[in-house]
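Structure file query_34.csv; described as CSV, C-alpha atoms.
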```csv
chain,number,residue,atom,x,y,z
A,145,MET,CA,-13.8,23.6,32.1
A,146,PHE,CA,-15.1,21.4,29.3
A,147,LEU,CA,-12.2,22.3,27.0
A,148,ALA,CA,-9.7,21.5,29.7
A,149,LEU,CA,-11.4,18.2,30.3
A,150,LEU,CA,-11.5,17.3,26.6
A,151,ALA,CA,-7.8,18.2,26.2
A,152,ALA,CA,-7.0,15.9,29.2
A,153,LEU,CA,-9.0,13.1,27.7
A,154,ILE,CA,-7.3,13.4,24.3
A,155,CYS,CA,-3.9,13.6,26.0
A,156,ALA,CA,-4.7,10.5,28.1
A,157,ALA,CA,-5.5,8.7,24.9
A,158,CYS,CA,-2.3,9.7,23.1
A,159,PRO,CA,-0.2,6.7,21.8
A,160,LEU,CA,2.5,6.5,24.4
A,161,GLU,CA,3.2,2.8,24.1
A,162,ALA,CA,5.4,1.1,21.6
A,163,LYS,CA,7.3,4.3,20.6
A,164,PRO,CA,10.5,4.0,18.6
A,165,LEU,CA,13.6,3.5,20.8
A,166,ALA,CA,16.0,4.8,18.2
A,167,LYS,CA,16.8,8.5,17.9
A,168,LYS,CA,14.8,10.5,15.4
A,169,LEU,CA,16.9,12.6,13.0
A,170,VAL,CA,15.0,15.8,12.3
A,171,ASN,CA,15.4,16.8,8.6
A,172,SER,CA,17.5,13.7,8.1
A,173,THR,CA,18.7,12.3,4.8
A,174,ASN,CA,18.8,8.6,4.0
A,175,THR,CA,22.1,7.0,5.2
A,176,PHE,CA,21.3,3.4,4.4
A,177,GLY,CA,22.6,3.4,0.8
A,178,PRO,CA,20.9,1.8,-2.2
A,179,LEU,CA,18.7,-1.3,-1.9
A,180,THR,CA,20.5,-4.4,-2.8
A,181,PHE,CA,19.9,-8.1,-3.2
A,182,LYS,CA,21.4,-10.4,-0.6
A,183,SER,CA,24.5,-12.4,-1.5
A,184,ASP,CA,22.3,-15.4,-2.1
A,185,GLY,CA,20.5,-13.6,-4.9
A,186,THR,CA,17.3,-12.8,-3.0
A,187,PHE,CA,15.4,-9.7,-2.0
A,188,GLN,CA,12.3,-9.9,0.2
A,189,ILE,CA,9.6,-7.3,0.8
A,190,SER,CA,7.1,-7.2,3.6
A,191,ILE,CA,3.9,-5.3,2.8
A,192,PHE,CA,1.8,-3.8,5.6
A,193,GLU,CA,-1.4,-2.1,4.6
A,194,ASP,CA,-4.5,-0.6,6.1
A,195,LEU,CA,-2.9,-0.1,9.5
A,196,HIS,CA,-5.4,2.7,10.3
A,197,PHE,CA,-3.6,4.2,13.3
A,198,GLY,CA,-5.3,7.0,15.2
A,199,GLU,CA,-8.9,5.8,15.2
A,200,ASN,CA,-11.0,7.4,17.9
A,201,ALA,CA,-8.1,8.5,20.1
A,202,TRP,CA,-10.6,9.8,22.7
A,203,ASP,CA,-12.0,6.3,23.3
A,204,GLN,CA,-10.4,3.5,25.2
A,205,TRP,CA,-10.3,1.2,22.2
A,206,GLY,CA,-8.7,3.6,19.8
A,207,PRO,CA,-5.2,3.6,21.3
A,208,GLN,CA,-5.6,-0.1,22.2
A,209,GLN,CA,-6.1,-0.9,18.5
A,210,ASP,CA,-2.8,0.8,17.7
A,211,ILE,CA,-1.0,-1.1,20.5
A,212,ASN,CA,-2.2,-4.4,19.0
A,213,SER,CA,-1.3,-3.3,15.5
A,214,VAL,CA,2.3,-2.7,16.7
A,215,LYS,CA,2.3,-6.2,18.1
A,216,VAL,CA,1.2,-7.5,14.7
A,217,ILE,CA,4.1,-5.6,13.0
A,218,ASN,CA,6.6,-7.1,15.5
A,219,GLN,CA,5.2,-10.6,15.1
A,220,ILE,CA,5.5,-10.5,11.4
A,221,LEU,CA,9.0,-9.0,11.4
A,222,ASP,CA,10.1,-11.6,14.0
A,223,ALA,CA,9.1,-14.3,11.5
A,224,GLU,CA,10.3,-12.7,8.3
A,225,SER,CA,13.5,-11.1,7.0
A,226,PRO,CA,12.7,-8.4,4.6
A,227,GLY,CA,15.1,-6.1,2.9
A,228,LEU,CA,12.4,-3.5,2.6
A,229,VAL,CA,9.1,-2.8,4.3
A,230,VAL,CA,6.3,-1.3,2.2
A,231,LEU,CA,3.5,0.6,4.0
A,232,ASN,CA,0.9,0.3,1.3
A,233,GLY,CA,-1.6,3.0,2.2
A,234,ASP,CA,-4.1,4.0,4.9
A,235,LEU,CA,-1.4,4.3,7.5
A,236,ILE,CA,-3.6,6.6,9.5
A,237,THR,CA,-7.4,7.1,9.8
A,238,GLY,CA,-7.1,10.8,8.9
A,239,GLU,CA,-10.8,11.8,9.5
A,240,ASN,CA,-10.2,11.2,13.2
A,241,GLY,CA,-7.0,13.3,13.4
A,242,PHE,CA,-6.4,16.8,14.6
A,243,LEU,CA,-4.4,19.3,12.6
A,244,GLU,CA,-1.8,19.7,15.3
A,245,ASN,CA,-0.9,16.1,15.8
A,246,SER,CA,-2.4,14.0,13.0
A,247,THR,CA,0.9,12.6,11.8
A,248,VAL,CA,2.5,11.6,15.1
A,249,TYR,CA,1.2,8.1,14.6
A,250,VAL,CA,3.9,7.7,12.0
A,251,ASP,CA,6.4,7.4,14.8
A,252,GLN,CA,4.5,4.5,16.4
A,253,ILE,CA,4.1,2.7,13.1
A,254,VAL,CA,7.7,2.8,12.2
A,255,GLY,CA,9.0,2.1,15.7
A,256,PRO,CA,9.4,-1.7,15.1
A,257,LEU,CA,11.2,-1.0,11.8
A,258,VAL,CA,13.6,1.5,13.3
A,259,ASP,CA,14.4,-0.8,16.2
A,260,ARG,CA,15.4,-3.5,13.7
A,261,GLY,CA,17.4,-1.2,11.4
A,262,LEU,CA,14.9,-1.7,8.6
A,263,THR,CA,14.0,0.8,5.9
A,264,TRP,CA,10.6,1.4,4.5
A,265,ALA,CA,8.7,3.0,1.6
A,266,SER,CA,5.1,4.2,1.7
A,267,THR,CA,2.2,4.8,-0.6
A,268,TYR,CA,-0.7,6.8,0.6
A,269,GLY,CA,-4.3,5.8,0.7
A,270,ASN,CA,-7.7,7.6,0.8
A,271,HIS,CA,-7.7,7.8,4.6
A,272,ASP,CA,-4.3,9.4,4.5
A,273,HIS,CA,-5.8,12.4,2.7
A,274,ASP,CA,-8.4,14.4,4.8
A,275,PHE,CA,-9.1,17.9,6.1
A,276,ASN,CA,-6.5,17.7,8.8
A,277,ILE,CA,-3.9,15.4,7.2
A,278,SER,CA,-2.3,15.0,3.7
A,279,GLY,CA,0.3,12.9,1.9
A,280,SER,CA,2.6,15.9,2.2
A,281,THR,CA,2.3,16.1,6.0
A,282,ILE,CA,2.8,12.4,6.4
A,283,LEU,CA,5.8,12.5,4.1
A,284,ALA,CA,7.3,15.3,6.2
A,285,ARG,CA,6.9,13.2,9.3
A,286,GLU,CA,8.3,10.1,7.7
A,287,MET,CA,11.4,12.0,6.5
A,288,GLN,CA,12.3,12.8,10.0
A,289,TRP,CA,13.6,9.2,10.2
A,290,SER,CA,16.7,8.2,8.3
A,291,ASN,CA,15.2,4.8,7.6
A,292,CYS,CA,12.6,6.4,5.3
A,293,ARG,CA,12.8,5.8,1.6
A,294,THR,CA,9.5,7.4,0.8
A,295,THR,CA,9.8,10.4,-1.5
A,296,GLN,CA,8.0,12.5,-4.2
A,297,MET,CA,9.1,12.6,-7.8
A,298,VAL,CA,5.9,14.1,-9.5
A,299,PHE,CA,4.6,17.5,-8.5
A,300,GLY,CA,1.7,19.7,-9.3
A,301,GLY,CA,-2.0,19.5,-9.9
A,302,ASP,CA,-3.7,16.3,-8.7
A,303,ALA,CA,-0.5,14.2,-9.0
A,304,GLY,CA,-0.6,13.3,-5.3
A,305,VAL,CA,2.6,12.7,-3.3
A,306,SER,CA,3.8,9.1,-3.1
A,307,ASN,CA,4.8,8.7,-6.7
A,308,TYR,CA,8.4,7.5,-7.1
A,309,TYR,CA,10.6,4.5,-7.8
A,310,LEU,CA,13.3,2.6,-6.0
A,311,PRO,CA,16.0,0.6,-7.8
A,312,VAL,CA,17.3,-2.6,-6.3
A,313,TYR,CA,20.9,-3.5,-7.2
A,314,ASP,CA,23.0,-6.6,-7.2
A,315,SER,CA,24.8,-7.4,-3.9
A,316,ASP,CA,28.2,-6.5,-5.3
A,317,CYS,CA,27.0,-3.1,-6.5
A,318,THR,CA,28.7,-0.3,-4.6
A,319,ASP,CA,27.0,2.7,-6.1
A,320,ASP,CA,24.0,3.6,-8.3
A,321,ALA,CA,26.1,3.6,-11.5
A,322,CYS,CA,25.2,-0.1,-11.7
A,323,ALA,CA,22.2,-1.3,-13.7
A,324,PRO,CA,19.4,-2.2,-11.3
A,325,GLU,CA,18.2,-5.8,-11.1
A,326,LEU,CA,14.7,-4.8,-10.0
A,327,ILE,CA,12.7,-1.6,-10.0
A,328,LEU,CA,10.0,-0.8,-7.4
A,329,TRP,CA,7.3,1.6,-8.5
A,330,PHE,CA,5.1,3.5,-6.0
A,331,PHE,CA,1.9,5.3,-6.9
A,332,ASP,CA,-0.5,7.6,-5.0
A,333,SER,CA,-4.1,6.7,-5.7
A,334,LYS,CA,-5.3,9.6,-3.5
A,335,GLY,CA,-9.0,9.7,-2.7
A,336,GLY,CA,-10.3,11.0,0.6
A,337,PHE,CA,-10.5,14.8,1.0
A,338,ARG,CA,-8.4,17.8,0.2
A,339,PHE,CA,-6.3,19.2,2.9
A,340,GLN,CA,-7.7,22.2,4.8
A,341,GLN,CA,-10.4,22.8,2.1
A,342,LYS,CA,-14.1,23.2,2.5
A,343,ASP,CA,-16.8,24.1,0.0
A,344,GLU,CA,-19.3,27.0,0.3
A,345,TRP,CA,-21.5,24.8,2.5
A,346,GLY,CA,-18.7,24.1,4.9
A,347,GLU,CA,-18.3,20.5,3.7
A,348,ARG,CA,-14.9,18.8,3.0
A,349,VAL,CA,-13.9,18.7,-0.6
A,350,GLY,CA,-13.5,15.3,-2.2
A,351,GLN,CA,-10.2,14.4,-3.9
A,352,PRO,CA,-9.9,12.2,-7.0
A,353,ASN,CA,-9.3,8.6,-6.2
A,354,TRP,CA,-7.1,7.4,-9.0
A,355,VAL,CA,-3.6,7.6,-10.2
A,356,ASP,CA,-3.4,10.9,-12.1
A,357,SER,CA,-2.7,11.0,-15.8
A,358,THR,CA,0.4,13.1,-15.2
A,359,VAL,CA,1.8,10.3,-13.0
A,360,VAL,CA,1.0,7.8,-15.8
A,361,ASP,CA,3.0,9.9,-18.2
A,362,TRP,CA,5.9,10.2,-15.8
A,363,PHE,CA,5.8,6.4,-15.3
A,364,LEU,CA,5.9,5.6,-19.0
A,365,GLN,CA,8.6,8.1,-19.8
A,366,THR,CA,10.8,7.1,-16.8
A,367,ASN,CA,10.5,3.4,-17.7
A,368,ALA,CA,11.4,4.2,-21.3
A,369,ASP,CA,14.4,6.1,-20.0
A,370,PHE,CA,15.5,3.1,-18.0
A,371,VAL,CA,15.3,0.9,-21.1
A,372,ASN,CA,17.3,3.4,-23.2
A,373,LYS,CA,19.9,3.9,-20.5
A,374,TYR,CA,20.5,0.2,-19.7
A,375,GLY,CA,19.7,-1.3,-23.0
A,376,LYS,CA,17.3,-3.9,-21.5
A,377,VAL,CA,14.0,-4.4,-19.8
A,378,THR,CA,14.3,-4.4,-16.1
A,379,PRO,CA,11.9,-6.6,-14.0
A,380,SER,CA,9.7,-4.5,-11.8
A,381,LEU,CA,6.9,-4.5,-9.1
A,382,ALA,CA,4.4,-1.8,-8.3
A,383,PHE,CA,2.5,-0.7,-5.2
A,384,VAL,CA,-0.7,1.4,-5.1
A,385,HIS,CA,-3.3,1.5,-2.4
A,386,ILE,CA,-6.6,1.5,-4.3
A,387,PRO,CA,-7.0,-1.4,-6.9
A,388,THR,CA,-7.9,-0.7,-10.5
A,389,PHE,CA,-11.3,-1.4,-12.1
A,390,ALA,CA,-9.8,-4.5,-13.7
A,391,SER,CA,-9.7,-6.2,-10.3
A,392,TYR,CA,-13.4,-5.3,-9.9
A,393,VAL,CA,-14.3,-6.9,-13.2
A,394,PHE,CA,-12.2,-10.0,-12.6
A,395,GLN,CA,-13.9,-10.5,-9.2
A,396,GLU,CA,-17.3,-10.4,-11.0
A,397,GLU,CA,-16.0,-13.3,-13.2
A,398,GLY,CA,-15.3,-15.3,-10.1
A,399,VAL,CA,-12.2,-15.9,-8.0
A,400,ASP,CA,-11.2,-19.5,-7.8
A,401,PRO,CA,-10.1,-20.4,-4.3
A,402,ASN,CA,-7.5,-22.9,-5.6
A,403,MET,CA,-6.3,-21.0,-8.7
A,404,GLU,CA,-6.2,-17.6,-7.0
A,405,PRO,CA,-6.0,-18.6,-3.3
A,406,GLY,CA,-7.1,-15.9,-0.8
A,407,ILE,CA,-10.0,-14.4,1.0
A,408,ASP,CA,-12.7,-12.9,-1.2
A,409,ASP,CA,-15.1,-11.4,1.2
A,410,ASP,CA,-15.2,-7.8,0.0
A,411,VAL,CA,-17.7,-8.2,-2.8
A,412,PRO,CA,-17.9,-6.0,-4.8
A,413,LEU,CA,-14.5,-4.4,-4.2
A,414,ALA,CA,-14.0,-0.7,-4.4
A,415,PRO,CA,-11.8,0.3,-7.4
A,416,GLN,CA,-10.2,3.6,-8.4
A,417,ALA,CA,-12.6,6.2,-9.8
A,418,GLN,CA,-15.5,4.6,-7.9
A,419,GLY,CA,-18.2,7.2,-7.1
A,420,TRP,CA,-17.0,9.7,-9.8
A,421,CYS,CA,-18.6,10.6,-13.1
A,422,ALA,CA,-16.7,10.7,-16.4
A,423,ASP,CA,-17.1,14.5,-16.4
A,424,GLY,CA,-15.4,14.8,-13.1
A,425,ARG,CA,-18.4,15.2,-10.8
A,426,ASN,CA,-18.5,13.2,-7.5
A,427,ASP,CA,-22.0,14.1,-6.4
A,428,GLY,CA,-23.1,10.5,-5.9
A,429,SER,CA,-24.9,10.2,-9.2
A,430,CYS,CA,-22.3,7.8,-10.8
A,431,ASP,CA,-20.8,4.5,-9.9
A,432,TYR,CA,-17.6,4.6,-11.8
A,433,GLY,CA,-16.0,7.3,-14.0
A,434,GLY,CA,-13.3,5.4,-15.8
A,435,GLN,CA,-10.5,7.8,-14.9
A,436,ASP,CA,-8.1,4.9,-14.1
A,437,VAL,CA,-8.1,3.7,-17.7
A,438,PRO,CA,-4.7,5.4,-18.5
A,439,PHE,CA,-3.2,3.8,-15.4
A,440,MET,CA,-4.6,0.4,-16.4
A,441,GLN,CA,-3.3,0.8,-19.9
A,442,ALA,CA,0.2,1.6,-18.5
A,443,ILE,CA,0.5,-1.3,-16.1
A,444,SER,CA,-0.8,-3.7,-18.7
A,445,GLU,CA,1.7,-2.6,-21.3
A,446,VAL,CA,5.0,-1.7,-19.6
A,447,PRO,CA,7.4,-4.6,-20.3
A,448,GLY,CA,8.8,-6.3,-17.2
A,449,LEU,CA,6.1,-5.3,-14.7
A,450,MET,CA,5.4,-8.6,-12.9
A,451,ALA,CA,2.8,-7.6,-10.3
A,452,VAL,CA,0.9,-4.7,-8.8
A,453,PHE,CA,0.1,-4.9,-5.1
A,454,SER,CA,-2.9,-3.1,-3.6
A,455,GLY,CA,-4.9,-2.9,-0.3
A,456,HIS,CA,-8.0,-0.9,0.4
A,457,ASP,CA,-10.5,-3.8,0.4
A,458,HIS,CA,-9.7,-5.4,3.7
A,459,GLY,CA,-11.5,-8.6,3.0
A,460,ASN,CA,-9.7,-9.5,-0.2
A,461,THR,CA,-6.3,-11.2,-0.3
A,462,TRP,CA,-6.0,-12.9,-3.7
A,463,CYS,CA,-3.8,-12.5,-6.7
A,464,TYR,CA,-4.9,-13.0,-10.3
A,465,LYS,CA,-3.1,-12.9,-13.6
A,466,TRP,CA,-4.6,-10.3,-15.9
A,467,ASP,CA,-4.0,-12.2,-19.2
A,468,HIS,CA,-7.2,-11.6,-21.2
A,469,LEU,CA,-9.7,-8.9,-22.1
A,470,LEU,CA,-12.2,-8.7,-19.4
A,471,PRO,CA,-16.0,-8.2,-20.0
A,472,ASN,CA,-17.1,-4.6,-20.7
A,473,MET,CA,-13.5,-3.3,-20.7
A,474,THR,CA,-11.5,-1.6,-23.4
A,475,VAL,CA,-8.0,-2.3,-22.0
A,476,ALA,CA,-6.5,-5.5,-23.2
A,477,PRO,CA,-3.4,-6.6,-21.3
A,478,HIS,CA,-0.2,-7.2,-23.2
A,479,ASN,CA,2.2,-8.5,-20.5
A,480,ASP,CA,0.1,-10.7,-18.2
A,481,VAL,CA,0.6,-8.6,-15.1
A,482,ASN,CA,-0.5,-10.0,-11.8
A,483,LEU,CA,-2.9,-7.9,-9.7
A,484,CYS,CA,-2.7,-8.7,-6.0
A,485,PHE,CA,-4.2,-7.8,-2.7
A,486,GLY,CA,-2.3,-8.0,0.5
A,487,GLN,CA,-3.6,-8.6,4.0
A,488,HIS,CA,-5.3,-6.2,6.4
A,489,SER,CA,-2.5,-5.5,8.8
A,490,GLY,CA,-3.9,-3.2,11.4
A,491,TYR,CA,-6.6,-3.4,14.1
A,492,GLY,CA,-7.9,-0.1,12.9
A,493,GLY,CA,-10.3,0.0,10.0
A,494,TYR,CA,-13.2,-2.3,9.3
A,495,GLY,CA,-13.3,-6.1,9.5
A,496,ASN,CA,-11.9,-8.9,11.7
A,497,TRP,CA,-10.0,-10.9,9.2
A,498,GLU,CA,-6.8,-12.2,10.8
A,499,ARG,CA,-4.2,-9.6,10.6
A,500,GLY,CA,-1.0,-10.2,8.6
A,501,ALA,CA,1.3,-9.0,5.8
A,502,ARG,CA,2.0,-10.1,2.3
A,503,GLN,CA,5.6,-11.1,1.6
A,504,VAL,CA,7.2,-11.0,-1.8
A,505,LEU,CA,10.5,-12.8,-2.6
A,506,ALA,CA,12.4,-11.8,-5.7
A,507,THR,CA,15.2,-14.2,-6.7
A,508,LYS,CA,17.6,-13.2,-9.4
A,509,SER,CA,17.5,-16.5,-11.2
A,510,LYS,CA,13.7,-16.3,-11.4
A,511,LEU,CA,13.6,-12.7,-12.5
A,512,GLU,CA,15.1,-13.9,-15.8
A,513,ASN,CA,11.6,-15.4,-16.4
A,514,LEU,CA,9.8,-12.5,-14.7
A,515,GLU,CA,8.7,-14.6,-11.8
A,516,VAL,CA,8.4,-13.8,-8.1
A,517,ASP,CA,7.1,-15.8,-5.1
A,518,THR,CA,4.6,-14.5,-2.6
A,519,TRP,CA,2.8,-15.6,0.6
A,520,ILE,CA,0.9,-14.1,3.5
A,521,ARG,CA,2.3,-14.3,7.0
A,522,LEU,CA,-0.5,-14.1,9.6
A,523,GLU,CA,-0.1,-12.8,13.1
A,524,SER,CA,-0.7,-16.4,14.3
A,525,GLY,CA,2.5,-17.3,12.6
A,526,ASN,CA,0.7,-19.3,9.9
A,527,VAL,CA,1.5,-18.9,6.3
A,528,VAL,CA,-1.3,-18.9,3.7
A,529,GLY,CA,-1.5,-18.2,-0.1
A,530,ASN,CA,2.0,-19.3,-0.8
A,531,VAL,CA,2.2,-19.1,-4.6
A,532,SER,CA,4.6,-18.5,-7.4
A,533,LEU,CA,3.6,-15.7,-9.8
A,534,ASN,CA,5.0,-17.5,-12.8
A,535,GLY,CA,4.0,-18.3,-16.4
A,536,THR,CA,1.5,-20.9,-15.2
A,537,TYR,CA,-0.1,-19.0,-12.3
A,538,GLY,CA,-3.8,-19.0,-12.8
A,539,ASN,CA,-3.6,-22.7,-13.9
A,540,ASP,CA,-1.7,-24.1,-11.0
A,541,HIS,CA,-3.6,-25.7,-8.1
A,542,TYR,CA,-3.0,-24.4,-4.6
A,543,PRO,CA,-4.6,-25.0,-1.2
A,544,ALA,CA,-7.5,-22.8,-0.4
A,545,THR,CA,-7.0,-20.1,2.2
A,546,ASN,CA,-8.9,-20.5,5.4
A,547,ASP,CA,-11.0,-17.4,6.4
A,548,THR,CA,-9.7,-16.9,9.9
A,549,GLU,CA,-10.5,-13.9,12.2
A,550,THR,CA,-8.9,-12.2,15.1
A,551,TYR,CA,-10.3,-9.7,17.6
A,552,CYS,CA,-8.6,-6.9,19.5
A,553,PRO,CA,-8.0,-8.6,22.9
A,554,THR,CA,-7.7,-5.4,24.9
A,555,CYS,CA,-10.4,-3.2,23.3
A,556,GLU,CA,-13.6,-2.3,25.1
A,557,TYR,CA,-15.9,-1.4,22.2
```
Produce structure tokens that represent the structure in this file.
Amino acid sequence: MFLALLAALICAACPLEAKPLAKKLVNSTNTFGPLTFKSDGTFQISIFEDLHFGENAWDQWGPQQDINSVKVINQILDAESPGLVVLNGDLITGENGFLENSTVYVDQIVGPLVDRGLTWASTYGNHDHDFNISGSTILAREMQWSNCRTTQMVFGGDAGVSNYYLPVYDSDCTDDACAPELILWFFDSKGGFRFQQKDEWGERVGQPNWVDSTVVDWFLQTNADFVNKYGKVTPSLAFVHIPTFASYVFQEEGVDPNMEPGIDDDVPLAPQAQGWCADGRNDGSCDYGGQDVPFMQAISEVPGLMAVFSGHDHGNTWCYKWDHLLPNMTVAPHNDVNLCFGQHSGYGGYGNWERGARQVLATKSKLENLEVDTWIRLESGNVVGNVSLNGTYGNDHYPATNDTETYCPTCEY
């Protein structure tokens, strides 16, 4: 009787609202062609992160959070015109999921994108990796939709899943024989727990929370191959859910609300390799193990990489230019890469900061100087943090970002 009642409650809480209207193509292949700039020489990206669908599906407020998160996605996409949507990690609160249906929330997340004929690319975050869910199972669900551009290019060991690149071509390019105008890199910072694994005490097994060294090697080699193939440095952007330790150290130095506009409420932020020891233990005895150093070296040295966009820390939304050796660090940047946070997009996950999504606008004429523009569109319709990531960013003066909050209007907590 109890099991029947429990099943009924779970079923009643299943996410029935806001489902995609378009037909799902099982085992589909992408039919949208390569990404291209518009004829006016622009390419825009909308970044949604920390959506955290599937929280407490057995309570009234869990599905209501997801319904309101879908509204946020719709509001943002009604106001913006992206050529690509990036889902930058923690799509799902995996610890609340069941093995049988933990990835069904993907359909609800991408519904607004499918309805508009938009394509998307994902990275996976720590909450996307747990006992009943993994990057591989989410990817399998995503790939049932022809709009999905998420893929896997690095395999084996602790590489993770969402490590790949997407080239963006000129508007008059008809096939991938052209040289790309922009390269988008996607990295899996993993974390969370290993899929369907428990230790001898019956506890979930922790998973490393940094970009693996094999992925770093692939990144460096693939970028070098691009340079050799096309005979030039191609401008690029990168996406990874968990920020690097460099962001942690910069925050300790102090975020200037006018030079690096954005919310800075998550102090201290949680970087890659947090909670791990240098020898690979994660028994709670160490604060930081340094395993993200190879990734930091790579993003600070690869020519043409303009910015790296992260999430994870819901209360941080600033960008900073990593242009000097930070205290107590051994990695000195060579290419002044910008390290940015987005905006907490979902009603799932902690915090009541106003939901929204970071926008990135690449313009061909500005790419010649390795510059992009970025701003955050909030669910209220307001725009904050509108900056140009150019040669003078970090010295330019911008309006400070107001710390606004929103609350789930239909949730009974």
Spatial neighbours of Asp410 (chain A), 12 Å, only C-alpha atoms, chain gap at least 5 places, as a PyMOL selection string
chain A and resi 391-392+395-396+399+415+455-462+485+488+494-495+497
I'd like the contact shell of Phe176 (chain A) - 8 Å cut-off, only C-alpha atoms, skipping same-chain residues fewer than 3 positions apart - returned as a list in words.
Thr263, Ser290 and Asn291 of chain A
Give me the residues within 7 Å of Val452 (chain A) as a PyMOL selection string, counting only C-alpha atoms and dropping any in the same chain fewer than 5 places off.
chain A and resi 381-383+482-484
Could you name the residues that touch Gln208 (chain A) at 9 Å or less, counting all atoms listed in the file, but leaving out those on the same chain fewer than 6 positions away, as a PyMOL selection string?
chain A and resi 159+491+552-556
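The residue that comes closest to Phe242 (chain A), out of A:Ser213, A:Asn200, A:Ser190, A:Ser429 and on the basis of only C-alpha atoms, is A:Asn200.
Compared by their closest atoms to Val371 (chain A), and using only C-alpha atoms, the residues A:Pro412, A:Gly433, A:Gly350, A:Gly448 rank with A:Gly448 nearest.
Of note, CA of Tyr309 (chain A) and CA of Thr366 (chain A) are spaced 9.4 Å apart.
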Taking only C-alpha atoms into account, which of A:Leu326, A:Val305, A:Ala201, A:Ile189 comes nearest Lys508 (chain A)?
A:Leu326
